[in-house]
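J.: This structure is in structure tokens; I'll ask about it shortly.
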Amino acid sequence: MDDQIRSVYLTLHYHHTNGVGGLLHEIQISKDGKVITKSTEDKPQPPARKLFDETEIPWVPFVRCERIASKLYIYAGERLRAAEAGAKVAYIFDPKASGDLVKFDPPYLYATFPNIMAAHGRLYHLATFLAKKPWMPMPFELYDPTTNSWDPLTPVPHFAFIPQSSLARRELTGYAVWGSCILLSLWYPSMKFKPAHFVPVVFNAESETWHQVNFDQEQRIQRFPFFGKAAVVGDTIYALGDKKGTFISFSIKKSGSEEDGTLIYSLTTPYELKGLKIIQSAKYRYYSGITECWAPLGDLEFCLVQTMSYWANRYQPLFITTFKIIHKEGTNSRIETIHSTLQFVSTKGYGQFWIKFGYCPDYEPKEAMLTTTKGIQKERNRIKDSSQEVDCDILLFEPKEERLTNEKVEIRTCVSMSVVPFHQTISCLWLFLFQSLRFHRLTSKTRRAR
């Protein structure tokens with residue numbers, strides 16, 4: 001690839017009368033931030049490739065994507081009903097390698113609404129159950145690409161300050177990687193005349209502990225929640241805001257220590273970044289049907305891509321804007337727009353699409369890299385000592401050979417369980433469910449093999 005050209009890959013979810021599926025679309029950007037891709041209504045650009053279609057997922061799919069280094073991890077499946085699991089696919093796309101789709105094992109949990117995060121060189125899966133079970137904690141899993149395995153982590157606990165009536169529906173809208181911690185933007189939408197709630201929580205990946213985060217409650221609707229994976233500069237966080245095409249900035253603070261119980265995380269009041277200028281079109285106007293994503297290009301430069309619900313037989317518009325965040329202390333950061341253009345993607349044979357994710361494989365964000373977590377490694381070591389007592393609280397898996405193939409990864413050995421203390425009885429119930437689902441999966445594979 002030309003060193004003067006950067007590629008941004010978009011994952012698109014399409015739906016039309018003949019079927020559903022996922023697409024990969026490429027945008028080329030010059031080193032000076034100008035969009036090189038050229039297309040018109042008469043000559044719309046076709047997608048780069050199809051990722052999956054109705055032959056793999058017959059029902060309307062969910063599509064979750066994240067990146068680790070230059071690799072794009074794609075996890076998609078049927079939108080899961082409350083009491084059953086649907087078809088799933090899990091692929092890795094690496095444009096710096098062969099560009100082929102390589103299978104990897106999807107998360108183990110069934111009957112969940114999945115959320116995928118990438119941090120510290122690993123994937124995290126946060127599962128929110130669609131069934132109205134407000135008492136159930138949100139299960140949490142870790143995928144380590146060096147061992148090709150998923151492992152359960154401590155679920156997200158129930159925070160007492162959230163009214164019980166607001167827990168029927170829970171969403172992860174965004175997250176930020178801050179050192180060894182992950183800040184999660186949890187959103188509890190308004191339901192049955194109950195107010196909405198923004199709940200920021202921190203997961204310390206080294207200690208595997210969850211922490212409540214303090215913030216100005218009056219700002220929970222005005223500026224929060226934030227969306228997608230945020231950009232972090234020191235203690236400052238830049239993220240997509242609640243309004244389409246807007247970005248907010250705030251800071252995260254930490255005081256006290258976990259050892260003496262005085263540890264406190266807090267967020268400053270967010271403010272909107274000014275200076276973003278998106279191309280306007282009288283024919284294609286903004287409204288509530290917009291989907292969008294942003295991709296870091298390096299040196300605080302970003303590419304914002306937006307589309308709108310537009311039922312046409314031949315094309316769909318893309319608003320592409322490159323910009324740079326001018327980082328300042330306090331509340332003085334701003335946006336400097338580099339280029340904004342209107343392009344068109346061919347929808348022939350696919351129908352309408354929605355933007356799900358975007359990333360630039362030519363730029364790899366710098367994050368703290370963590371190996372296997374201490375808790376999981378400790379439990380794996382205990383498993384090897386047959387003198388240890390076992391219990392049904394948690395299921396752990398033996399590390400496998402460190403090589404991905406073009407075939408789906410098979411778990412060859414299911415090892416014994418070991419005790420992990422949880423403060424809440426409900427966490428133990430969830431882990432028992434995790435074990436039961438895993439046993440069912442292994443049994444199904446064995447039956448098919450016979």
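All residue names refer to the structure tokens as shown: chains lettered A, B, ... in order, residues numbered from 1 in each chain, ligands numbered from 1 in order.
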If you count only C-alpha atoms, which residues fall within 10 Å of A:Tyr310, apart from same-chain ones fewer than 2 positions away, as a list in words?
T.: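 After dropping sequence-adjacent residues, the list is Tyr284, Gly289, Ile290, Thr307, Met308, Ala312, Asn313, Tyr315, Gln316, Pro317, Gly351, Gln352 and Phe353 of chain A.
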J.: Suppose we keep N, CA and C atoms; can you now write the selection as a tab-separated table (two decimals), in the first residue's frame?
T.:
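out-v4.tsv written:
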```tsv
chain	number	residue	atom	x	y	z
A	284	TYR	N	-29.93	15.49	1.07
A	284	TYR	CA	-29.73	14.49	2.12
A	284	TYR	C	-29.58	15.23	3.45
A	289	GLY	N	-32.57	9.06	11.70
A	289	GLY	CA	-32.14	7.78	11.16
A	289	GLY	C	-30.65	7.66	10.93
A	290	ILE	N	-29.85	8.59	11.46
A	290	ILE	CA	-28.41	8.57	11.20
A	290	ILE	C	-27.70	7.51	12.04
A	307	THR	N	-24.13	7.97	7.89
A	307	THR	CA	-25.09	7.72	6.83
A	307	THR	C	-26.48	7.93	7.40
A	308	MET	N	-27.48	7.85	6.55
A	308	MET	CA	-28.86	8.08	6.96
A	308	MET	C	-29.75	7.03	6.34
A	312	ALA	N	-33.18	3.62	-1.36
A	312	ALA	CA	-32.98	3.81	-2.80
A	312	ALA	C	-32.54	2.49	-3.40
A	313	ASN	N	-32.76	2.33	-4.67
A	313	ASN	CA	-32.44	1.07	-5.32
A	313	ASN	C	-30.96	0.95	-5.70
A	315	TYR	N	-28.08	3.38	-4.42
A	315	TYR	CA	-26.99	3.94	-3.63
A	315	TYR	C	-27.49	4.45	-2.28
A	316	GLN	N	-26.54	4.74	-1.40
A	316	GLN	CA	-26.82	5.36	-0.10
A	316	GLN	C	-25.71	6.36	0.19
A	317	PRO	N	-26.03	7.53	0.73
A	317	PRO	CA	-25.01	8.55	0.96
A	317	PRO	C	-24.13	8.27	2.17
A	351	GLY	N	-29.55	-3.55	-0.50
A	351	GLY	CA	-30.56	-2.75	0.15
A	351	GLY	C	-29.94	-1.78	1.15
A	352	GLN	N	-30.76	-1.25	2.04
A	352	GLN	CA	-30.30	-0.25	3.00
A	352	GLN	C	-29.28	-0.85	3.97
A	353	PHE	N	-28.34	0.00	4.42
A	353	PHE	CA	-27.35	-0.47	5.39
A	353	PHE	C	-27.20	0.52	6.52
```
J.: List as a PyMOL selection string the protein and nucleic acid residues near A:Gly349, meaning an atom at most 9 Å away when only C-alpha atoms are counted, but skip any in the same chain fewer than 2 places from it.
T.: chain A and resi 16+18+313-314+346-347+351
J.: Just list the residues in stretch 46-278 of chain A DSSP gives alpha helix (DSSP H) on the backbone, as a list in words.
T.: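 Selection result, alpha helix (DSSP H) within stretch 46-278 of chain A: Gln219, Arg220, Ile221 and Gln222 of chain A.
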J.: Quick one: write out the picked residues with all heavy atoms as a PDB file, in the first residue's frame?
T.:
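The resulting part_36.pdb:
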```pdb
ATOM      1  N   GLN A 219     -25.675  16.362  34.975  1.00  0.00           N
ATOM      2  CA  GLN A 219     -25.168  16.266  33.611  1.00  0.00           C
ATOM      3  C   GLN A 219     -25.512  14.935  32.946  1.00  0.00           C
ATOM      4  O   GLN A 219     -25.117  14.682  31.826  1.00  0.00           O
ATOM      5  CB  GLN A 219     -23.647  16.448  33.619  1.00  0.00           C
ATOM      6  CG  GLN A 219     -23.198  17.828  34.069  1.00  0.00           C
ATOM      7  CD  GLN A 219     -23.627  18.907  33.099  1.00  0.00           C
ATOM      8  OE1 GLN A 219     -23.694  18.680  31.900  1.00  0.00           O
ATOM      9  NE2 GLN A 219     -23.923  20.083  33.619  1.00  0.00           N
ATOM     10  N   ARG A 220     -26.242  14.081  33.649  1.00  0.00           N
ATOM     11  CA  ARG A 220     -26.455  12.732  33.120  1.00  0.00           C
ATOM     12  C   ARG A 220     -27.269  12.732  31.829  1.00  0.00           C
ATOM     13  O   ARG A 220     -27.141  11.834  31.007  1.00  0.00           O
ATOM     14  CB  ARG A 220     -27.142  11.856  34.175  1.00  0.00           C
ATOM     15  CG  ARG A 220     -28.596  12.221  34.444  1.00  0.00           C
ATOM     16  CD  ARG A 220     -29.181  11.317  35.520  1.00  0.00           C
ATOM     17  NE  ARG A 220     -30.601  11.532  35.694  1.00  0.00           N
ATOM     18  CZ  ARG A 220     -31.142  12.448  36.479  1.00  0.00           C
ATOM     19  NH1 ARG A 220     -30.354  13.274  37.142  1.00  0.00           N
ATOM     20  NH2 ARG A 220     -32.445  12.568  36.590  1.00  0.00           N
ATOM     21  N   ILE A 221     -28.125  13.732  31.642  1.00  0.00           N
ATOM     22  CA  ILE A 221     -28.936  13.798  30.435  1.00  0.00           C
ATOM     23  C   ILE A 221     -28.365  14.799  29.436  1.00  0.00           C
ATOM     24  O   ILE A 221     -28.359  14.569  28.230  1.00  0.00           O
ATOM     25  CB  ILE A 221     -30.393  14.157  30.775  1.00  0.00           C
ATOM     26  CG1 ILE A 221     -30.987  13.117  31.731  1.00  0.00           C
ATOM     27  CG2 ILE A 221     -31.233  14.251  29.514  1.00  0.00           C
ATOM     28  CD1 ILE A 221     -31.037  11.719  31.166  1.00  0.00           C
ATOM     29  N   GLN A 222     -27.836  15.920  29.947  1.00  0.00           N
ATOM     30  CA  GLN A 222     -27.386  16.980  29.061  1.00  0.00           C
ATOM     31  C   GLN A 222     -26.225  16.552  28.172  1.00  0.00           C
ATOM     32  O   GLN A 222     -26.192  16.871  26.994  1.00  0.00           O
ATOM     33  CB  GLN A 222     -26.978  18.215  29.887  1.00  0.00           C
ATOM     34  CG  GLN A 222     -28.155  18.989  30.478  1.00  0.00           C
ATOM     35  CD  GLN A 222     -28.639  18.401  31.797  1.00  0.00           C
ATOM     36  OE1 GLN A 222     -28.302  17.272  32.124  1.00  0.00           O
ATOM     37  NE2 GLN A 222     -29.423  19.167  32.523  1.00  0.00           N
TER      38      GLN A 222
END
```
J.: Which residue out of A:Glu56, A:Glu329, A:Glu259, A:Glu206 has the minimum interatomic distance to A:Val89 when only C-alpha atoms are used?
T.: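 Ranked by minimum distance to A:Val89, first place goes to A:Glu56.
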J.: Measuring between only C-alpha atoms, which one of A:Ala48, A:Leu172, A:Ile74, A:Ile5 shows the shortest distance to A:Ser30?
T.: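 The answer is A:Ile5, which sits nearest to A:Ser30.
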J.: What lies within 7 Å of A:Leu304 using only C-alpha atoms, ignoring chain neighbours under 4 positions off, as a VMD selection string?
T.: chain A and resid 293 to 295 320 to 322
J.: Excluding same-chain residues fewer than 4 positions from A:Leu153, what lies within 7 Å of it counting only C-alpha atoms, as a list of chain:residue names?
T.: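 Result of the neighbour search: A:Phe140, A:Glu141, A:Leu142.
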J.: Neighbours of A:His125 within 12 Å (only C-alpha atoms; same-chain residues fewer than 3 positions away dropped), as a ChimeraX atom specification?
T.: /A:64-66,75,106-110,112-119,122,128,138-144,150-156,172
J.: With only C-alpha atoms as the atoms that count, which of A:Phe344, A:Phe302, A:Trp187, A:Trp178 lies nearest to A:Tyr359?
T.: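 Under the stated criterion, the closest residue is A:Phe302.
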J.: Assign secondary structure with DSSP using the backbone only, and return the residues of stretch 170-391 of chain A in strand (DSSP E or B) as an NGL selection string.
T.: :A and (171-178 or 181-188 or 197-204 or 209-214 or 227-233 or 236-240 or 247-255 or 264-267 or 271-272 or 291-298 or 301-307 or 315-326 or 334-346 or 352-359)
J.: Neighbours of A:Phe224 within 9 Å (only C-alpha atoms; same-chain residues fewer than 5 positions away dropped), as number ranges by chain?
T.: A: 185, 198, 219, 241-242, 248, 270
J.: Only C-alpha atoms, please: the residues just picked out, written as an mmCIF file, in the first residue's frame.
T.:
```cif
data_model
loop_
_atom_site.group_PDB
_atom_site.id
_atom_site.type_symbol
_atom_site.label_atom_id
_atom_site.label_comp_id
_atom_site.auth_asym_id
_atom_site.auth_seq_id
_atom_site.Cartn_x
_atom_site.Cartn_y
_atom_site.Cartn_z
ATOM 1 C CA SER A 185 -20.742 4.007 29.897
ATOM 2 C CA PHE A 198 -26.337 7.098 33.162
ATOM 3 C CA GLN A 219 -25.168 16.266 33.611
ATOM 4 C CA GLY A 241 -21.724 12.543 22.381
ATOM 5 C CA ASP A 242 -25.412 11.787 22.659
ATOM 6 C CA ILE A 248 -17.593 15.725 24.187
ATOM 7 C CA PRO A 270 -18.306 17.171 30.134
#
```
J.: So what do you get for atom CA of A:Tyr91 versus atom CA of A:Ile68, distance-wise?
T.: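 We find that atom CA of A:Tyr91 and atom CA of A:Ile68 lie 12.9 Å from each other.
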J.: With distances taken over only C-alpha atoms, which residue among A:Gln306, A:Phe215, A:Ile237, A:Ser281 lies nearest A:Ile264?
T.: A:Phe215
